[in-house]
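See below for structure_31.csv, which holds CSV, C-alpha atoms and all ligand atoms.
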chain,number,residue,atom,x,y,z
A,104,MET,CA,185.5,112.8,-27.0
A,105,ILE,CA,188.5,111.5,-28.8
A,106,TYR,CA,187.4,110.5,-32.3
A,107,LEU,CA,189.5,107.7,-33.8
A,108,ASP,CA,187.0,106.3,-36.3
A,109,ASN,CA,187.7,108.4,-39.3
A,110,ALA,CA,187.6,105.4,-41.6
A,111,ALA,CA,183.9,105.1,-40.8
A,112,THR,CA,183.2,108.8,-41.4
A,113,THR,CA,184.9,112.1,-40.8
A,114,MET,CA,183.8,115.4,-39.2
A,115,LEU,CA,182.3,117.8,-41.7
A,116,SER,CA,184.9,120.6,-42.1
A,117,PRO,CA,183.6,124.0,-41.2
A,118,GLU,CA,184.9,125.4,-44.5
A,119,VAL,CA,183.0,122.7,-46.3
A,120,LEU,CA,179.8,123.5,-44.3
A,121,ASP,CA,180.2,127.2,-45.1
A,122,SER,CA,180.4,126.4,-48.8
A,123,MET,CA,177.2,124.3,-48.6
A,124,VAL,CA,175.0,126.6,-46.6
A,125,PRO,CA,173.8,128.9,-49.4
A,126,PHE,CA,172.5,125.8,-51.3
A,127,LEU,CA,170.5,124.6,-48.3
A,128,GLY,CA,168.9,128.0,-48.1
A,129,GLN,CA,168.3,130.7,-50.6
A,130,GLN,CA,170.1,129.1,-53.5
A,131,TYR,CA,167.6,126.4,-54.0
A,132,GLY,CA,167.3,126.4,-57.8
A,133,ASN,CA,167.1,123.2,-59.8
A,134,ALA,CA,170.4,123.0,-61.7
A,135,SER,CA,168.4,122.1,-64.8
A,136,GLY,CA,166.5,125.3,-65.1
A,137,VAL,CA,167.2,128.3,-67.3
A,138,TYR,CA,166.6,131.2,-65.0
A,139,ALA,CA,169.2,132.9,-62.8
A,140,LEU,CA,168.4,131.0,-59.6
A,141,ALA,CA,168.9,127.7,-61.5
A,142,ARG,CA,172.0,128.9,-63.2
A,143,ALA,CA,173.6,129.6,-59.9
A,144,SER,CA,173.1,126.0,-58.9
A,145,ARG,CA,174.4,124.7,-62.2
A,146,LYS,CA,177.5,126.9,-61.9
A,147,ALA,CA,178.2,125.6,-58.4
A,148,VAL,CA,177.8,122.0,-59.5
A,149,GLU,CA,180.2,122.5,-62.5
A,150,GLN,CA,182.7,124.3,-60.2
A,151,ALA,CA,182.6,121.3,-57.9
A,152,ARG,CA,183.0,118.9,-60.8
A,153,ARG,CA,186.2,120.8,-61.9
A,154,ALA,CA,187.5,120.7,-58.3
A,155,VAL,CA,187.1,116.9,-58.1
A,156,ALA,CA,188.5,116.5,-61.6
A,157,SER,CA,191.6,118.6,-60.7
A,158,ALA,CA,192.1,116.6,-57.5
A,159,ILE,CA,192.4,113.3,-59.3
A,160,GLY,CA,194.0,114.4,-62.6
A,161,ALA,CA,190.8,113.9,-64.6
A,162,ASP,CA,188.8,115.9,-67.1
A,163,ALA,CA,185.6,117.5,-65.7
A,164,LYS,CA,183.4,115.7,-68.2
A,165,GLU,CA,184.7,112.4,-66.8
A,166,VAL,CA,183.4,113.2,-63.3
A,167,PHE,CA,179.9,112.0,-62.3
A,168,PHE,CA,178.2,112.8,-59.0
A,169,THR,CA,176.4,109.9,-57.3
A,170,GLY,CA,174.5,109.4,-54.0
A,171,SER,CA,177.4,107.6,-52.2
A,172,GLY,CA,180.6,105.6,-52.5
A,173,THR,CA,178.3,102.5,-52.4
A,174,GLU,CA,176.4,103.8,-55.4
A,175,SER,CA,179.6,104.5,-57.3
A,176,ASP,CA,180.8,101.0,-56.7
A,177,ASN,CA,177.5,99.5,-57.7
A,178,TRP,CA,177.4,101.6,-60.8
A,179,ALA,CA,180.9,100.7,-61.9
A,180,LEU,CA,180.4,97.0,-61.6
A,181,ARG,CA,176.8,96.7,-62.7
A,182,GLY,CA,177.1,99.3,-65.4
A,183,MET,CA,180.1,97.6,-66.9
A,184,MET,CA,178.6,94.1,-66.8
A,185,GLU,CA,175.1,94.8,-68.0
A,186,GLY,CA,174.6,93.1,-71.3
A,187,MET,CA,177.9,91.1,-70.9
A,188,ALA,CA,176.2,87.7,-70.5
A,189,GLY,CA,178.5,85.3,-68.8
A,190,GLY,CA,181.2,87.8,-68.4
A,191,HIS,CA,184.1,87.5,-66.0
A,192,VAL,CA,185.2,90.0,-63.3
A,193,ILE,CA,188.4,89.9,-61.3
A,194,THR,CA,188.4,91.4,-57.8
A,195,THR,CA,189.9,90.7,-54.4
A,196,ALA,CA,188.8,89.0,-51.2
A,197,VAL,CA,189.3,92.1,-49.2
A,198,GLU,CA,187.1,94.7,-51.0
A,199,HIS,CA,184.4,96.7,-49.2
A,200,HIS,CA,181.0,95.1,-49.1
A,201,ALA,CA,179.8,97.7,-51.7
A,202,VAL,CA,182.0,95.8,-54.2
A,203,LEU,CA,181.8,92.3,-52.7
A,204,ASN,CA,178.1,92.2,-52.4
A,205,THR,CA,177.7,93.7,-55.9
A,206,CYS,CA,179.9,90.9,-57.2
A,207,ARG,CA,177.7,88.3,-55.4
A,208,TRP,CA,174.7,90.0,-57.1
A,209,LEU,CA,176.5,89.7,-60.5
A,210,GLU,CA,177.1,86.0,-59.9
A,211,GLN,CA,173.3,85.6,-59.4
A,212,GLN,CA,173.0,87.3,-62.8
A,213,GLY,CA,175.2,84.6,-64.4
A,214,HIS,CA,178.5,86.3,-64.3
A,215,ARG,CA,181.7,84.6,-63.1
A,216,ILE,CA,183.8,86.4,-60.4
A,217,THR,CA,187.3,85.6,-59.3
A,218,TYR,CA,188.0,86.8,-55.7
A,219,LEU,CA,191.8,87.0,-55.6
A,220,ALA,CA,193.5,85.9,-52.3
A,221,VAL,CA,195.9,88.4,-50.6
A,222,ASP,CA,199.1,87.8,-48.7
A,223,GLY,CA,199.4,88.0,-44.9
A,224,GLU,CA,199.6,91.8,-45.1
A,225,GLY,CA,196.5,92.1,-47.3
A,226,ILE,CA,198.3,92.8,-50.6
A,227,VAL,CA,197.1,91.4,-53.9
A,228,SER,CA,199.8,90.3,-56.4
A,229,PRO,CA,199.7,91.9,-59.9
A,230,ASP,CA,200.9,88.5,-61.2
A,231,ASP,CA,197.8,86.9,-59.7
A,232,VAL,CA,195.7,89.4,-61.5
A,233,ARG,CA,197.5,88.6,-64.8
A,234,HIS,CA,197.0,84.9,-64.3
A,235,ALA,CA,193.3,85.3,-63.6
A,236,ILE,CA,192.6,87.0,-66.9
A,237,THR,CA,190.6,85.0,-69.4
A,238,GLU,CA,189.2,85.9,-72.8
A,239,ASN,CA,185.9,86.6,-71.0
A,240,THR,CA,187.3,89.1,-68.5
A,241,ARG,CA,185.4,92.4,-68.8
A,242,LEU,CA,186.5,94.2,-65.6
A,243,ILE,CA,189.1,94.3,-62.9
A,244,SER,CA,188.1,95.9,-59.6
A,245,VAL,CA,190.7,96.5,-56.9
A,246,MET,CA,190.5,99.0,-54.0
A,247,ALA,CA,193.3,101.5,-53.5
A,248,ALA,CA,193.3,101.3,-49.7
A,249,ASN,CA,191.6,98.9,-47.4
A,250,ASN,CA,189.0,100.4,-45.0
A,251,GLU,CA,189.7,97.9,-42.2
A,252,ILE,CA,193.5,97.3,-42.2
A,253,GLY,CA,194.6,100.3,-44.3
A,254,THR,CA,196.6,98.1,-46.7
A,255,LEU,CA,197.6,99.9,-50.0
A,256,GLN,CA,197.4,97.9,-53.2
A,257,PRO,CA,199.9,98.1,-56.0
A,258,ILE,CA,197.3,99.9,-58.2
A,259,ALA,CA,199.7,101.2,-60.8
A,260,GLU,CA,201.1,97.7,-61.4
A,261,ILE,CA,197.7,96.2,-61.6
A,262,GLY,CA,196.6,99.1,-63.9
A,263,ALA,CA,199.5,98.3,-66.2
A,264,VAL,CA,198.4,94.6,-66.4
A,265,ALA,CA,194.8,95.7,-67.1
A,266,ARG,CA,195.9,98.1,-69.8
A,267,GLU,CA,198.2,95.6,-71.4
A,268,HIS,CA,195.3,93.2,-71.8
A,269,GLY,CA,192.8,96.0,-72.8
A,270,ILE,CA,190.6,95.3,-69.8
A,271,PRO,CA,189.0,98.3,-67.9
A,272,MET,CA,190.1,98.7,-64.3
A,273,HIS,CA,187.8,100.1,-61.5
A,274,VAL,CA,189.4,101.4,-58.3
A,275,ASP,CA,187.5,101.9,-55.1
A,276,ALA,CA,189.5,104.9,-53.8
A,277,VAL,CA,187.0,105.9,-51.2
A,278,GLN,CA,189.4,105.2,-48.3
A,279,ALA,CA,192.5,106.5,-50.0
A,280,ALA,CA,191.2,109.9,-51.1
A,281,GLY,CA,191.9,111.8,-47.9
A,282,THR,CA,195.6,111.1,-47.5
A,283,ILE,CA,196.8,109.8,-50.8
A,284,ALA,CA,197.4,111.7,-54.0
A,285,ILE,CA,195.1,110.1,-56.6
A,286,ASP,CA,196.2,110.3,-60.2
A,287,ILE,CA,194.0,108.3,-62.5
A,288,ASN,CA,196.6,108.4,-65.2
A,289,ALA,CA,199.5,107.1,-63.1
A,290,TRP,CA,197.1,104.3,-62.0
A,291,GLN,CA,195.7,103.9,-65.4
A,292,ALA,CA,192.2,103.6,-63.8
A,293,ASP,CA,189.2,103.7,-66.1
A,294,LEU,CA,186.7,103.9,-63.3
A,295,LEU,CA,187.2,105.3,-59.8
A,296,SER,CA,184.9,105.6,-56.8
A,297,LEU,CA,185.0,108.4,-54.2
A,298,SER,CA,182.8,109.4,-51.3
A,299,ALA,CA,182.6,112.9,-49.7
A,300,HIS,CA,182.1,111.8,-46.1
A,301,LYS,CA,185.4,110.0,-45.8
A,302,VAL,CA,187.2,113.3,-46.6
A,303,HIS,CA,185.5,115.7,-44.3
A,304,GLY,CA,182.7,116.3,-46.7
A,305,PRO,CA,178.9,115.6,-46.3
A,306,LYS,CA,177.3,112.1,-46.2
A,307,GLY,CA,175.2,111.0,-49.1
A,308,VAL,CA,177.4,112.2,-52.0
A,309,GLY,CA,179.9,110.3,-54.1
A,310,VAL,CA,181.7,110.4,-57.4
A,311,LEU,CA,182.3,107.9,-60.1
A,312,TYR,CA,185.1,108.9,-62.5
A,313,VAL,CA,184.6,107.3,-65.9
A,314,ARG,CA,187.5,107.6,-68.4
A,315,GLY,CA,186.6,108.8,-71.9
A,316,LYS,CA,184.7,106.2,-73.8
A,317,THR,CA,184.6,103.5,-71.2
A,318,PRO,CA,181.4,101.5,-72.2
A,319,ILE,CA,179.4,101.9,-69.0
A,320,LYS,CA,175.6,101.8,-68.9
A,321,PRO,CA,173.7,104.0,-66.4
A,322,LEU,CA,172.5,102.5,-63.1
A,323,LEU,CA,169.8,105.1,-62.5
A,324,VAL,CA,167.7,106.0,-65.5
A,325,GLY,CA,165.2,108.9,-65.7
A,326,GLY,CA,166.1,112.5,-66.4
A,327,ALA,CA,169.1,113.7,-68.3
A,328,GLN,CA,171.2,114.9,-65.3
A,329,GLU,CA,174.9,114.2,-65.2
A,330,MET,CA,175.3,114.3,-68.9
A,331,GLY,CA,172.5,111.7,-69.3
A,332,ARG,CA,174.4,109.1,-67.3
A,333,ARG,CA,173.0,109.4,-63.8
A,334,ALA,CA,169.4,110.5,-63.4
A,335,GLY,CA,168.0,112.4,-60.5
A,336,THR,CA,167.9,116.0,-59.5
A,337,GLU,CA,171.4,117.0,-58.3
A,338,ASN,CA,172.1,117.2,-54.6
A,339,VAL,CA,173.6,120.7,-55.1
A,340,ALA,CA,174.6,121.4,-51.5
A,341,GLY,CA,176.2,117.9,-51.2
A,342,ILE,CA,178.0,118.2,-54.5
A,343,VAL,CA,179.3,121.7,-53.6
A,344,GLY,CA,180.5,120.2,-50.3
A,345,MET,CA,182.2,117.4,-52.0
A,346,GLY,CA,184.0,119.8,-54.3
A,347,THR,CA,185.2,121.8,-51.4
A,348,ALA,CA,186.2,118.7,-49.4
A,349,MET,CA,188.3,117.3,-52.3
A,350,ARG,CA,189.9,120.7,-53.0
A,351,LEU,CA,190.9,121.0,-49.3
A,352,ALA,CA,192.2,117.5,-49.1
A,353,GLN,CA,194.4,118.2,-52.1
A,354,GLU,CA,195.6,121.5,-50.7
A,355,ASN,CA,196.3,120.2,-47.2
A,356,ARG,CA,197.8,116.9,-48.1
A,357,ALA,CA,201.4,117.9,-48.1
A,358,THR,CA,201.2,119.1,-44.5
A,359,ALA,CA,198.4,116.9,-43.2
A,360,THR,CA,199.8,113.5,-44.2
A,361,PRO,CA,203.1,113.7,-42.4
A,362,ARG,CA,201.3,115.1,-39.3
A,363,ILE,CA,198.8,112.3,-39.3
A,364,LYS,CA,201.5,109.7,-39.8
A,365,THR,CA,203.6,111.1,-36.9
A,366,LEU,CA,200.5,110.8,-34.6
A,367,ARG,CA,199.6,107.4,-36.0
A,368,ASP,CA,203.2,106.0,-35.5
A,369,ARG,CA,203.3,107.2,-32.0
A,370,LEU,CA,200.0,105.6,-31.1
A,371,MET,CA,200.8,102.4,-33.1
A,372,ASN,CA,204.3,102.0,-31.6
A,373,GLY,CA,203.0,102.9,-28.2
A,374,ILE,CA,200.4,100.1,-28.4
A,375,LEU,CA,202.7,97.4,-29.9
A,376,ASP,CA,205.7,98.2,-27.6
A,377,GLY,CA,203.7,99.0,-24.5
A,378,ILE,CA,201.0,96.4,-24.4
A,379,PRO,CA,202.0,92.7,-24.2
A,380,GLY,CA,200.2,90.5,-26.6
A,381,ALA,CA,199.3,93.3,-29.1
A,382,HIS,CA,199.7,92.4,-32.8
A,383,LEU,CA,199.4,94.5,-35.9
A,384,ASN,CA,197.0,93.5,-38.6
A,385,GLY,CA,198.1,94.5,-42.1
A,386,SER,CA,201.3,95.9,-43.4
A,387,ALA,CA,203.8,98.0,-41.5
A,388,THR,CA,204.8,99.9,-44.6
A,389,GLN,CA,202.2,99.5,-47.3
A,390,ARG,CA,199.6,101.2,-45.1
A,391,LEU,CA,197.4,104.3,-45.0
A,392,CYS,CA,199.1,106.9,-42.8
A,393,SER,CA,195.8,107.2,-40.8
A,394,ASN,CA,195.2,103.5,-40.0
A,395,ILE,CA,196.0,101.2,-37.1
A,396,ASN,CA,194.4,97.8,-36.8
A,397,VAL,CA,195.6,95.6,-33.9
A,398,HIS,CA,194.4,92.6,-32.0
A,399,PHE,CA,195.2,91.7,-28.4
A,400,ASP,CA,195.6,88.2,-27.1
A,401,ASP,CA,192.8,87.2,-24.8
A,402,VAL,CA,190.7,90.3,-25.2
A,403,GLU,CA,187.3,90.6,-26.9
A,404,GLY,CA,187.3,93.5,-29.4
A,405,GLU,CA,183.7,94.5,-28.6
A,406,ALA,CA,184.2,94.5,-24.9
A,407,LEU,CA,187.3,96.7,-25.3
A,408,LEU,CA,185.4,99.1,-27.6
A,409,LEU,CA,182.7,99.5,-24.9
A,410,ARG,CA,185.3,100.3,-22.3
A,411,LEU,CA,187.0,102.8,-24.7
A,412,ASP,CA,183.6,104.4,-25.3
A,413,LEU,CA,183.2,104.8,-21.5
A,414,ALA,CA,186.6,106.5,-21.5
A,415,GLY,CA,185.5,108.9,-24.2
A,416,ILE,CA,187.4,107.2,-27.0
A,417,ALA,CA,185.6,106.3,-30.3
A,418,ALA,CA,187.2,103.4,-32.2
A,419,SER,CA,185.9,100.5,-34.2
A,420,SER,CA,186.1,96.7,-34.2
A,421,GLY,CA,187.2,94.3,-36.9
A,422,ALA,CA,183.9,92.5,-36.8
A,423,ALA,CA,180.6,93.4,-38.5
A,424,CYS,CA,177.5,92.8,-36.4
A,425,THR,CA,175.2,90.8,-38.8
A,426,ALA,CA,171.8,90.0,-37.3
A,427,GLY,CA,173.1,90.2,-33.8
A,428,ALA,CA,175.9,87.7,-34.4
A,429,LEU,CA,179.5,88.9,-34.6
A,430,GLU,CA,180.9,87.7,-37.9
A,431,PRO,CA,184.6,87.7,-38.2
A,432,SER,CA,185.8,90.3,-40.7
A,433,HIS,CA,186.3,88.9,-44.2
A,434,VAL,CA,189.4,91.0,-44.4
A,435,LEU,CA,191.0,89.6,-41.3
A,436,VAL,CA,190.1,86.1,-42.4
A,437,ALA,CA,191.7,86.8,-45.8
A,438,ILE,CA,195.0,87.8,-44.2
A,439,GLY,CA,195.0,84.5,-42.2
A,440,ARG,CA,193.6,85.6,-38.8
A,441,ASN,CA,191.6,83.0,-37.0
A,442,ARG,CA,188.1,83.7,-35.5
A,443,VAL,CA,189.4,84.5,-32.1
A,444,GLN,CA,192.1,86.8,-33.4
A,445,SER,CA,189.6,88.7,-35.6
A,446,ARG,CA,187.1,89.0,-32.8
A,447,SER,CA,189.8,90.8,-30.8
A,448,ALA,CA,190.7,93.3,-33.5
A,449,ILE,CA,190.4,97.0,-33.0
A,450,ARG,CA,190.8,99.8,-35.6
A,451,PHE,CA,191.9,103.3,-34.7
A,452,SER,CA,191.7,105.6,-37.7
A,453,LEU,CA,193.1,109.2,-37.4
A,454,SER,CA,192.6,112.5,-39.2
A,455,ASP,CA,194.3,115.8,-39.2
A,456,LEU,CA,192.0,116.9,-36.4
A,457,ASN,CA,193.6,114.6,-33.9
A,458,THR,CA,196.1,116.0,-31.4
A,459,ASP,CA,199.2,114.9,-29.5
A,460,GLU,CA,197.2,115.2,-26.2
A,461,GLU,CA,194.6,112.8,-27.5
A,462,ILE,CA,197.3,110.2,-28.4
A,463,ASP,CA,198.8,110.6,-24.9
A,464,GLU,CA,195.3,110.0,-23.4
A,465,VAL,CA,194.7,106.8,-25.4
A,466,LEU,CA,198.2,105.5,-24.6
A,467,ARG,CA,197.5,106.2,-20.9
A,468,VAL,CA,194.0,104.5,-20.8
A,469,LEU,CA,194.3,101.6,-23.3
A,470,PRO,CA,196.9,99.4,-21.4
A,471,LYS,CA,194.8,99.6,-18.3
A,472,LEU,CA,191.6,98.6,-20.1
A,473,VAL,CA,193.4,95.7,-21.8
A,474,ALA,CA,194.9,94.5,-18.5
A,475,ASP,CA,191.5,94.9,-16.8
A,476,LEU,CA,189.7,92.8,-19.5
A,477,ARG,CA,192.3,90.1,-19.2
A,478,ALA,CA,191.9,89.9,-15.5
A,479,HIS,CA,188.2,89.1,-15.8
B,501,LIG,C1,183.0,103.9,-46.9
B,501,LIG,C2,183.4,103.1,-48.0
B,501,LIG,C3,182.6,102.8,-49.1
B,501,LIG,C4,181.1,103.3,-49.1
B,501,LIG,O1,181.0,104.7,-49.2
B,501,LIG,P1,179.6,105.3,-48.7
B,501,LIG,O2,179.6,106.7,-49.2
B,501,LIG,O3,179.6,105.2,-47.2
B,501,LIG,O4,178.5,104.5,-49.3
B,501,LIG,C5,183.1,102.1,-50.2
B,501,LIG,N1,184.3,101.6,-50.2
B,501,LIG,C6,185.2,101.9,-49.2
B,501,LIG,C7,186.6,101.4,-49.3
B,501,LIG,C8,184.8,102.6,-48.1
B,501,LIG,O5,185.6,102.9,-47.1
As structure tokens, how would this structure be written, given the file I've shared?
Ligand SMILES: *Cc1c(COP(=O)(O)O)cnc(C)c1O
Amino acid sequence: MIYLDNAATTMLSPEVLDSMVPFLGQQYGNASGVYALARASRKAVEQARRAVASAIGADAKEVFFTGSGTESDNWALRGMMEGMAGGHVITTAVEHHAVLNTCRWLEQQGHRITYLAVDGEGIVSPDDVRHAITENTRLISVMAANNEIGTLQPIAEIGAVAREHGIPMHVDAVQAAGTIAIDINAWQADLLSLSAHKVHGPKGVGVLYVRGKTPIKPLLVGGAQEMGRRAGTENVAGIVGMGTAMRLAQENRATATPRIKTLRDRLMNGILDGIPGAHLNGSATQRLCSNINVHFDDVEGEALLLRLDLAGIAASSGAACTAGALEPSHVLVAIGRNRVQSRSAIRFSLSDLNTDEEIDEVLRVLPKLVADLRAH
């Protein structure tokens, strides 16, 4: 199988798995205990915390493990807005549903949310952020890289606006973490979400970075785990896996990123130049090196995906299947694509595990499938 859906999830790296195995077996101690077995778990959790901290330029005591990127996003938004009756949040129209639906929930709680529009490439303007700020604004939440079209946001510029107005900024960096160097200080981020399974780590573990004294309330209450800010017995194996995955991403980035980009550019240009009626969604330059999102005139994305699957190629569509009905992607709508165009969108997302031969195979198969679907 040719796996080109790395924006949905990534293969667990063998090295990550190796680091986790002891904690799924003999090293089962509860990290809160005092005996040697428990201390081994504690030590492993703290080592993972330092690895994540070092990968994003943070202090270890600012790194909190969660159960997913979704939980990190929920925590950032709900934890900042709790007790802020009638507070205002600025976000964008192209966020992941973990942020967007949390914002909808906050609206039901009486908060006001501004969903900033983006330009035709999916980029939000720092000036629009500045103009949306009111005296009630309590939080700005902007993703670093879009999960559908790969657009990179000008986070450092938005961070400067946020800092200038003394408003905390949350960054959903889940999609960026694999291929982009994250520096919470360069971005001036106060809160930042990560997820292990998007960077060749295990599913079901995430991180919320919380800068120093940022006034965030806990989302999960109970025991005193995670410095009293996120209750629940630690997922030690998952946390260890996340630490290893983030360390490897950081160590490999300098070689992996240009390699992925070369593969991506060959596939992207091959599609755009070789298939008539193929159009790129998103930005040609401000784009994750791993992402391609295209739509084809007169081709249904879902039908093409099924044909690709039969040809052994795993990709993804630009639509979300909600209750059996294909809803056009909110991201494609936000960049001005119409219903038909967004229903014809396909995302290919690469990783360092993809090969030249795989790209050749896709470029051999895809034009035929598109022509075939158009003929029917
Ligand atoms: C995958 C993803 C999430 C959710 O992370 P999970 O760990 O799968 O819950 C949030 N934001 C973005 C941008 C993502 O790509």
So which residues touch Asn288 in chain A within 10 Å, counting all atoms listed in the file, skipping near sequence neighbours fewer than 4 positions away, as a ChimeraX atom specification? /A:159-161,259,262,292-293,314
Close residues to ligand LIG 501 (chain B) using only C-alpha atoms and all ligand atoms, limit 6 Å, as a ChimeraX atom specification: /A:171-173,199,201,249-250,275,277-278,298
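Using only C-alpha atoms, the smallest distance between any of A:Glu238, A:Glu251, A:Asp222, A:Glu149 and Gly269 in chain A comes from A:Glu238.
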Counting all atoms listed in the file, figure out which residue out of A:Val465, A:Val397, A:Asn133, A:Gly186 gets nearest to Ala417 in chain A.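 The shortest atom-to-atom distance to Ala417 in chain A comes from A:Val465.
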Using only C-alpha atoms, the residue out of A:Phe451, A:Phe399, A:Trp290, A:Tyr218 with shortest distance to Ala437 in chain A is A:Tyr218
Distance criterion (only C-alpha atoms): nearest to Arg350 in chain A out of A:Gly281, A:Gly315, A:Gly377, A:Pro321: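 Going through A:Gly281, A:Gly315, A:Gly377, A:Pro321 one by one, the smallest distance to Arg350 in chain A is for A:Gly281.
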Given only C-alpha atoms as the counted atoms, nearest of A:Ile226, A:Thr317, A:Ile285, A:Gly341 to Pro271 in chain A: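 Comparing A:Ile226, A:Thr317, A:Ile285, A:Gly341 against Pro271 in chain A, the winner is A:Thr317.
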Nearest residue to Val324 in chain A from the set A:Met123, A:Thr336, A:Asp230, A:Tyr106 (distances using only C-alpha atoms): A:Thr336
Please measure the separation of CA of Gly307 in chain A and CA of Asn204 in chain A, giving the value in Å to one decimal.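 So the answer is 19.3 Å.
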12 Å contact set for Asn338 in chain A, all atoms listed in the file, chain neighbours under 5 positions out, as a list in words: Met123, Phe126, Leu127, Tyr131, Gly132, Asn133, Ala134, Ser135, Ser144, Arg145, Ala147, Val148, Ala151, Phe168, Thr169, Gly170, Ser171, Pro305, Lys306, Gly307, Val308, Gly309, Gln328, Glu329, Val343, Gly344 and Met345 of chain A
Just to be explicit: take each residue in the selection above, keep C-alpha atoms, and write the result as an mmCIF file, keeping the file's coordinate frame.
data_model
loop_
_atom_site.group_PDB
_atom_site.id
_atom_site.type_symbol
_atom_site.label_atom_id
_atom_site.label_comp_id
_atom_site.auth_asym_id
_atom_site.auth_seq_id
_atom_site.Cartn_x
_atom_site.Cartn_y
_atom_site.Cartn_z
ATOM 1 C CA MET A 123 177.200 124.300 -48.600
ATOM 2 C CA PHE A 126 172.500 125.800 -51.300
ATOM 3 C CA LEU A 127 170.500 124.600 -48.300
ATOM 4 C CA TYR A 131 167.600 126.400 -54.000
ATOM 5 C CA GLY A 132 167.300 126.400 -57.800
ATOM 6 C CA ASN A 133 167.100 123.200 -59.800
ATOM 7 C CA ALA A 134 170.400 123.000 -61.700
ATOM 8 C CA SER A 135 168.400 122.100 -64.800
ATOM 9 C CA SER A 144 173.100 126.000 -58.900
ATOM 10 C CA ARG A 145 174.400 124.700 -62.200
ATOM 11 C CA ALA A 147 178.200 125.600 -58.400
ATOM 12 C CA VAL A 148 177.800 122.000 -59.500
ATOM 13 C CA ALA A 151 182.600 121.300 -57.900
ATOM 14 C CA PHE A 168 178.200 112.800 -59.000
ATOM 15 C CA THR A 169 176.400 109.900 -57.300
ATOM 16 C CA GLY A 170 174.500 109.400 -54.000
ATOM 17 C CA SER A 171 177.400 107.600 -52.200
ATOM 18 C CA PRO A 305 178.900 115.600 -46.300
ATOM 19 C CA LYS A 306 177.300 112.100 -46.200
ATOM 20 C CA GLY A 307 175.200 111.000 -49.100
ATOM 21 C CA VAL A 308 177.400 112.200 -52.000
ATOM 22 C CA GLY A 309 179.900 110.300 -54.100
ATOM 23 C CA GLN A 328 171.200 114.900 -65.300
ATOM 24 C CA GLU A 329 174.900 114.200 -65.200
ATOM 25 C CA VAL A 343 179.300 121.700 -53.600
ATOM 26 C CA GLY A 344 180.500 120.200 -50.300
ATOM 27 C CA MET A 345 182.200 117.400 -52.000
#
Pairwise distance, CA of Leu255 in chain A with CA of Leu203 in chain A, equals 17.7 Å
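Residues in contact with Gly213 in chain A at 8 Å, where all atoms listed in the file are counted and same-chain residues fewer than 3 positions away are skipped, are listed as Ala188, Gly189, Gly190, Leu209 and Glu210 of chain A.
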Counting all atoms listed in the file, I want the residues whose atoms come within 8 Å of (186.8, 91.2, -44.0) in the file frame, returned as a list of chain:residue names.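 Within 8 Å of (186.8, 91.2, -44.0), the protein and nucleic acid residues are A:Ala196, A:Val197, A:Glu198, A:His199, A:Glu251, A:Gly421, A:Ala422, A:Pro431, A:Ser432, A:His433, A:Val434, A:Leu435, A:Val436, A:Ala437.
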Could those residues be written to a file, using C-alpha atoms, as a PDB file, in the frame of the given file?
ATOM      1  CA  ALA A 196     188.800  89.000 -51.200  1.00  0.00           C
ATOM      2  CA  VAL A 197     189.300  92.100 -49.200  1.00  0.00           C
ATOM      3  CA  GLU A 198     187.100  94.700 -51.000  1.00  0.00           C
ATOM      4  CA  HIS A 199     184.400  96.700 -49.200  1.00  0.00           C
ATOM      5  CA  GLU A 251     189.700  97.900 -42.200  1.00  0.00           C
ATOM      6  CA  GLY A 421     187.200  94.300 -36.900  1.00  0.00           C
ATOM      7  CA  ALA A 422     183.900  92.500 -36.800  1.00  0.00           C
ATOM      8  CA  PRO A 431     184.600  87.700 -38.200  1.00  0.00           C
ATOM      9  CA  SER A 432     185.800  90.300 -40.700  1.00  0.00           C
ATOM     10  CA  HIS A 433     186.300  88.900 -44.200  1.00  0.00           C
ATOM     11  CA  VAL A 434     189.400  91.000 -44.400  1.00  0.00           C
ATOM     12  CA  LEU A 435     191.000  89.600 -41.300  1.00  0.00           C
ATOM     13  CA  VAL A 436     190.100  86.100 -42.400  1.00  0.00           C
ATOM     14  CA  ALA A 437     191.700  86.800 -45.800  1.00  0.00           C
TER      15      ALA A 437
END
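Counting from CA of Glu165 in chain A, the distance to CA of Ala248 in chain A is 22.1 Å.
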For the point (199.5, 110.2, -41.0) in the file's frame, write as number ranges by chain all residues with an atom no more than 8 Å away, counting all atoms listed in the file. A: 282, 359-368, 391-393, 453-455
Which residues come within 6 Å of range 380-389 of chain A, counting all atoms listed in the file, excluding same-chain residues fewer than 4 positions away, as a ChimeraX atom specification? /A:224-225,252,254-255,375,396-400
Selected residues written out, C-alpha atoms, as a compact mmCIF listing (two decimals), in the frame of the given file:
# COMPACT_ATOMS: atom_id res chain seq x y z
CA GLU A 224 199.60 91.80 -45.10
CA GLY A 225 196.50 92.10 -47.30
CA ILE A 252 193.50 97.30 -42.20
CA THR A 254 196.60 98.10 -46.70
CA LEU A 255 197.60 99.90 -50.00
CA LEU A 375 202.70 97.40 -29.90
CA ASN A 396 194.40 97.80 -36.80
CA VAL A 397 195.60 95.60 -33.90
CA HIS A 398 194.40 92.60 -32.00
CA PHE A 399 195.20 91.70 -28.40
CA ASP A 400 195.60 88.20 -27.10
